[in-house]
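Asker: Provided herewith: data.cif, mmCIF, C-alpha atoms.
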```cif
data_input
loop_
_atom_site.label_atom_id
_atom_site.label_comp_id
_atom_site.auth_asym_id
_atom_site.auth_seq_id
_atom_site.Cartn_x
_atom_site.Cartn_y
_atom_site.Cartn_z
CA MET A 8 29.07 -11.96 -10.54
CA LYS A 9 28.05 -8.72 -8.84
CA THR A 10 28.14 -8.75 -5.04
CA LEU A 11 25.42 -7.20 -2.94
CA THR A 12 26.09 -4.17 -0.78
CA TRP A 13 25.18 -4.12 2.90
CA LYS A 14 22.38 -1.62 2.19
CA GLN A 15 20.87 -3.90 -0.48
CA VAL A 16 20.92 -6.81 1.98
CA GLN A 17 19.18 -4.64 4.60
CA VAL A 18 16.48 -3.59 2.12
CA GLY A 19 15.99 -7.23 1.12
CA VAL A 20 15.61 -8.30 4.75
CA VAL A 21 13.07 -5.51 5.39
CA ILE A 22 11.05 -6.53 2.31
CA VAL A 23 11.01 -10.20 3.35
CA ALA A 24 10.03 -9.24 6.92
CA LEU A 25 7.19 -7.05 5.61
CA ILE A 26 5.89 -9.86 3.42
CA ILE A 27 6.00 -12.44 6.21
CA GLY A 28 4.53 -10.05 8.79
CA SER A 29 1.79 -8.94 6.41
CA TYR A 30 0.91 -12.50 5.52
CA TYR A 31 0.58 -13.36 9.22
CA ILE A 32 -1.52 -10.26 9.98
CA MET A 33 -3.79 -10.91 7.00
CA HIS A 34 -4.47 -14.51 7.98
CA TYR A 35 -4.86 -13.69 11.66
CA THR A 36 -7.29 -10.89 10.81
CA ALA A 37 -9.31 -13.09 8.43
CA ASP A 38 -9.43 -16.01 10.89
CA ASN A 39 -10.20 -13.86 13.95
CA GLU A 40 -12.35 -11.05 12.54
CA PRO A 41 -14.61 -10.72 15.63
CA ARG A 42 -11.59 -10.69 17.99
CA VAL A 43 -9.77 -8.08 15.89
CA GLU A 44 -12.91 -5.93 15.72
CA ALA A 45 -13.40 -6.24 19.51
CA LEU A 46 -9.75 -5.33 20.16
CA VAL A 47 -9.92 -2.27 17.92
CA ARG A 48 -13.16 -1.12 19.57
CA HIS A 49 -11.75 -1.77 23.05
CA ILE A 50 -8.69 0.42 22.65
CA GLY A 51 -10.87 3.38 21.65
CA VAL A 52 -9.19 6.26 19.86
CA PHE A 53 -6.01 4.22 19.52
CA GLY A 54 -7.96 1.72 17.36
CA PRO A 55 -7.77 3.83 14.20
CA LEU A 56 -4.08 4.52 14.92
CA LEU A 57 -3.42 0.78 15.22
CA LEU A 58 -5.29 0.25 11.96
CA VAL A 59 -3.22 2.92 10.18
CA GLY A 60 -0.10 0.99 11.24
CA MET A 61 -1.62 -2.26 9.98
CA TYR A 62 -2.41 -0.61 6.64
CA ALA A 63 1.13 0.70 6.37
CA LEU A 64 2.48 -2.81 6.96
CA LEU A 65 0.01 -4.57 4.65
CA GLY A 66 0.23 -1.92 1.97
CA ALA A 67 4.02 -2.17 1.76
CA SER A 68 3.71 -5.87 0.96
CA PRO A 69 2.01 -7.86 -1.78
CA VAL A 70 -0.80 -8.72 0.66
CA PRO A 71 -3.98 -6.71 -0.14
CA SER A 72 -5.48 -4.52 2.58
CA GLU A 73 -9.08 -4.44 1.31
CA LEU A 74 -10.33 -6.91 3.94
CA LEU A 75 -9.04 -4.57 6.62
CA THR A 76 -11.01 -1.71 5.03
CA VAL A 77 -14.23 -3.71 5.26
CA ILE A 78 -13.52 -4.60 8.92
CA THR A 79 -12.73 -0.95 9.67
CA ALA A 80 -15.97 0.15 7.97
CA ALA A 81 -17.93 -2.36 10.08
CA THR A 82 -16.24 -1.15 13.25
CA PHE A 83 -16.09 2.63 12.81
CA GLY A 84 -18.28 3.36 9.78
CA PRO A 85 -17.32 4.01 6.18
CA PHE A 86 -16.11 7.60 6.61
CA ILE A 87 -13.57 6.74 9.32
CA ALA A 88 -12.59 3.62 7.32
CA MET A 89 -11.94 5.79 4.27
CA ILE A 90 -9.75 8.20 6.28
CA VAL A 91 -7.83 5.39 8.01
CA ALA A 92 -7.31 3.41 4.77
CA GLY A 93 -6.32 6.51 2.82
CA ILE A 94 -3.72 7.57 5.38
CA GLY A 95 -2.49 4.02 5.96
CA ASN A 96 -2.10 3.22 2.28
CA THR A 97 -0.34 6.54 1.67
CA LEU A 98 2.11 5.74 4.48
CA ALA A 99 2.65 2.31 2.93
CA ALA A 100 3.45 3.94 -0.41
CA LEU A 101 5.96 6.22 1.32
CA VAL A 102 7.62 3.14 2.85
CA GLU A 103 7.81 1.60 -0.63
CA TYR A 104 9.28 4.85 -1.96
CA ARG A 105 11.92 4.87 0.78
CA LEU A 106 12.84 1.25 0.07
CA GLY A 107 13.05 2.10 -3.62
CA THR A 108 15.61 4.84 -2.98
CA HIS A 109 17.99 2.11 -1.78
CA LEU A 110 17.59 -0.18 -4.76
CA ARG A 111 19.92 0.06 -7.72
CA ASN A 112 17.52 -1.39 -10.26
CA LEU A 113 14.24 -3.13 -10.74
CA SER A 114 15.06 -5.38 -13.65
CA ASP A 115 11.45 -6.36 -14.28
CA PHE A 116 10.03 -2.85 -13.97
CA ASP A 117 11.18 -1.61 -17.38
CA ALA A 118 9.84 -4.76 -19.05
CA MET A 119 6.55 -4.52 -17.12
CA ARG A 120 6.29 -0.83 -17.96
CA GLN A 121 6.36 -1.52 -21.69
CA LYS A 122 3.35 -3.86 -21.31
CA MET A 123 1.13 -1.35 -19.51
CA PRO A 124 -2.18 -0.60 -21.23
CA PHE A 125 -3.14 2.62 -23.02
CA GLY A 126 0.49 3.60 -23.62
CA ILE A 127 1.00 4.49 -19.95
CA GLY A 128 4.43 2.84 -19.99
CA LYS A 129 5.68 5.32 -22.57
CA LEU A 130 5.29 8.20 -20.10
CA PRO A 131 8.24 9.24 -17.92
CA VAL A 132 8.19 7.64 -14.45
CA ASP A 133 8.13 11.06 -12.77
CA SER A 134 5.10 12.22 -14.82
CA PRO A 135 2.01 12.90 -12.65
CA VAL A 136 -0.14 11.23 -15.32
CA PHE A 137 2.02 8.08 -15.10
CA LEU A 138 1.98 8.07 -11.28
CA LEU A 139 -1.82 8.46 -11.15
CA ALA A 140 -2.61 6.07 -14.01
CA VAL A 141 -0.40 3.22 -12.77
CA ARG A 142 -2.21 3.15 -9.45
CA ALA A 143 -5.46 2.52 -11.34
CA ILE A 144 -4.11 -0.69 -12.91
CA PRO A 145 -5.24 -3.70 -10.85
CA GLY A 146 -2.63 -6.12 -9.60
CA TYR A 147 0.90 -5.40 -8.56
CA ALA A 148 1.43 -2.16 -10.54
CA PRO A 149 0.25 0.07 -7.67
CA LYS A 150 2.65 -1.73 -5.31
CA ILE A 151 5.67 -1.53 -7.58
CA VAL A 152 5.18 2.16 -8.48
CA GLY A 153 6.35 3.18 -4.98
CA LEU A 154 9.57 1.24 -5.32
CA ALA A 155 10.14 2.47 -8.86
CA SER A 156 9.44 6.08 -7.87
CA GLY A 157 12.04 5.87 -5.14
CA MET A 158 14.51 4.21 -7.47
CA TYR A 159 13.99 6.88 -10.16
CA ARG A 160 14.08 9.62 -7.50
CA VAL A 161 10.66 11.06 -8.34
CA PRO A 162 10.29 14.28 -6.30
CA LEU A 163 8.75 13.31 -2.94
CA TRP A 164 6.00 15.94 -3.03
CA ARG A 165 4.87 14.81 -6.53
CA PHE A 166 4.91 11.18 -5.42
CA THR A 167 2.93 12.02 -2.26
CA TRP A 168 0.11 13.98 -3.89
CA THR A 169 -0.21 11.49 -6.74
CA THR A 170 -0.47 8.76 -4.09
CA LEU A 171 -3.00 10.55 -1.88
CA ILE A 172 -5.59 10.97 -4.64
CA PRO A 173 -5.94 7.31 -5.72
CA SER A 174 -5.44 6.08 -2.13
CA PHE A 175 -8.45 8.02 -0.90
CA ILE A 176 -10.56 7.16 -3.96
CA GLY A 177 -9.83 3.45 -3.49
CA ALA A 178 -10.38 3.72 0.25
CA ALA A 179 -13.77 5.37 -0.31
CA VAL A 180 -14.84 2.70 -2.80
CA PHE A 181 -13.93 -0.20 -0.50
CA ALA A 182 -15.14 1.44 2.71
CA TYR A 183 -18.55 2.45 1.40
CA SER A 184 -19.15 -0.65 -0.72
CA GLY A 185 -17.95 -2.87 2.14
CA ALA A 186 -20.27 -1.09 4.59
CA GLY A 187 -23.13 -1.48 2.10
CA LEU A 188 -22.47 -5.20 1.71
CA LEU A 189 -22.35 -5.63 5.48
CA GLN A 190 -25.76 -3.93 5.76
CA LEU A 191 -27.19 -6.41 3.28
CA PHE A 192 -26.14 -9.34 5.45
CA LYS A 193 -27.40 -7.94 8.77
#
```
Starting from the coordinates I provided, produce the structure as structure tokens.
Answerer:
Amino acid sequence: MKTLTWKQVQVGVVIVALIIGSYYIMHYTADNEPRVEALVRHIGVFGPLLLVGMYALLGASPVPSELLTVITAATFGPFIAMIVAGIGNTLAALVEYRLGTHLRNLSDFDAMRQKMPFGIGKLPVDSPVFLLAVRAIPGYAPKIVGLASGMYRVPLWRFTWTTLIPSFIGAAVFAYSGAGLLQLFK
């Protein structure tokens, strides 16, 4: 049996802490939406900075951050929500990348990769087309691509720009559609 290194244990602890913390934040935010919105408005310019941190935490876990985008759109408008979500989700992807650089393998990634639609899994992991296309697949593929990119040592600049594009597109979709839905219910 292979023993774990101290660094692998540390990465595991960080991942578990992110998941637990994100789960708590998600449920607290959903259960206390008016209080969270009031807090974010009350702290002024630091509100978007707090939200970027929340995105980074939620985005680096399996917990989705879309609810936070809708709350941000309701609080600051869709344009600010798009900027905050885009930056926050990009930071989350960079955290995933960093964690991935400390992992030795992702046993399920290669198997999952072969099942990706449209032949995406046949592309090299460091291919810009692969990095952009995987983020468009709903589910856990966008989350795991950060870890896999770090593990495969994809050049950081390539990983960053291929993360920024889909992060801001997704942020715009959720911010503007969320703001539109909120207007319907007012």
Asker: Find, counting only C-alpha atoms, the residue in A:Ala88, A:Met61, A:Val52, A:Leu101 that gets nearest to Leu171 of chain A.
Answerer: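 Among the listed residues, A:Leu101 lies closest to Leu171 of chain A.
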Asker: Apply the PyMOL selection byres ((chain A and resi 81-84) around 8) to the structure shown and report the selected residues as a compact mmCIF listing (two decimals) with C-alpha atoms, keeping the file's coordinate frame.
Answerer:
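Output below, filename out.txt:
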```txt
# COMPACT_ATOMS: atom_id res chain seq x y z
CA GLU A 44 -12.91 -5.93 15.72
CA VAL A 47 -9.92 -2.27 17.92
CA ARG A 48 -13.16 -1.12 19.57
CA VAL A 77 -14.23 -3.71 5.26
CA ILE A 78 -13.52 -4.60 8.92
CA THR A 79 -12.73 -0.95 9.67
CA ALA A 80 -15.97 0.15 7.97
CA PRO A 85 -17.32 4.01 6.18
CA PHE A 86 -16.11 7.60 6.61
CA ILE A 87 -13.57 6.74 9.32
CA ALA A 88 -12.59 3.62 7.32
CA ALA A 182 -15.14 1.44 2.71
CA GLY A 185 -17.95 -2.87 2.14
CA ALA A 186 -20.27 -1.09 4.59
CA LEU A 189 -22.35 -5.63 5.48
```
Asker: Between atom CA of Asp133 of chain A and atom CA of Val161 of chain A, what is the spacing in Å?
Answerer: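 So the two atoms, atom CA of Val161 of chain A and atom CA of Asp133 of chain A, lie 5.1 Å apart.
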Asker: State, in Å with one decimal place, the distance from atom CA of Tyr183 of chain A to atom CA of Thr97 of chain A.
Answerer: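 Distance between the two atoms: 18.7 Å.
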Asker: Name the closest residue to Pro162 of chain A among the candidates A:Tyr31, A:Phe181, A:Tyr104, A:Phe175; distances are taken between atoms, counting all atoms listed in the file.
Answerer: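 Of A:Tyr31, A:Phe181, A:Tyr104, A:Phe175, the one nearest Pro162 of chain A, counting all atoms listed in the file, is A:Tyr104.
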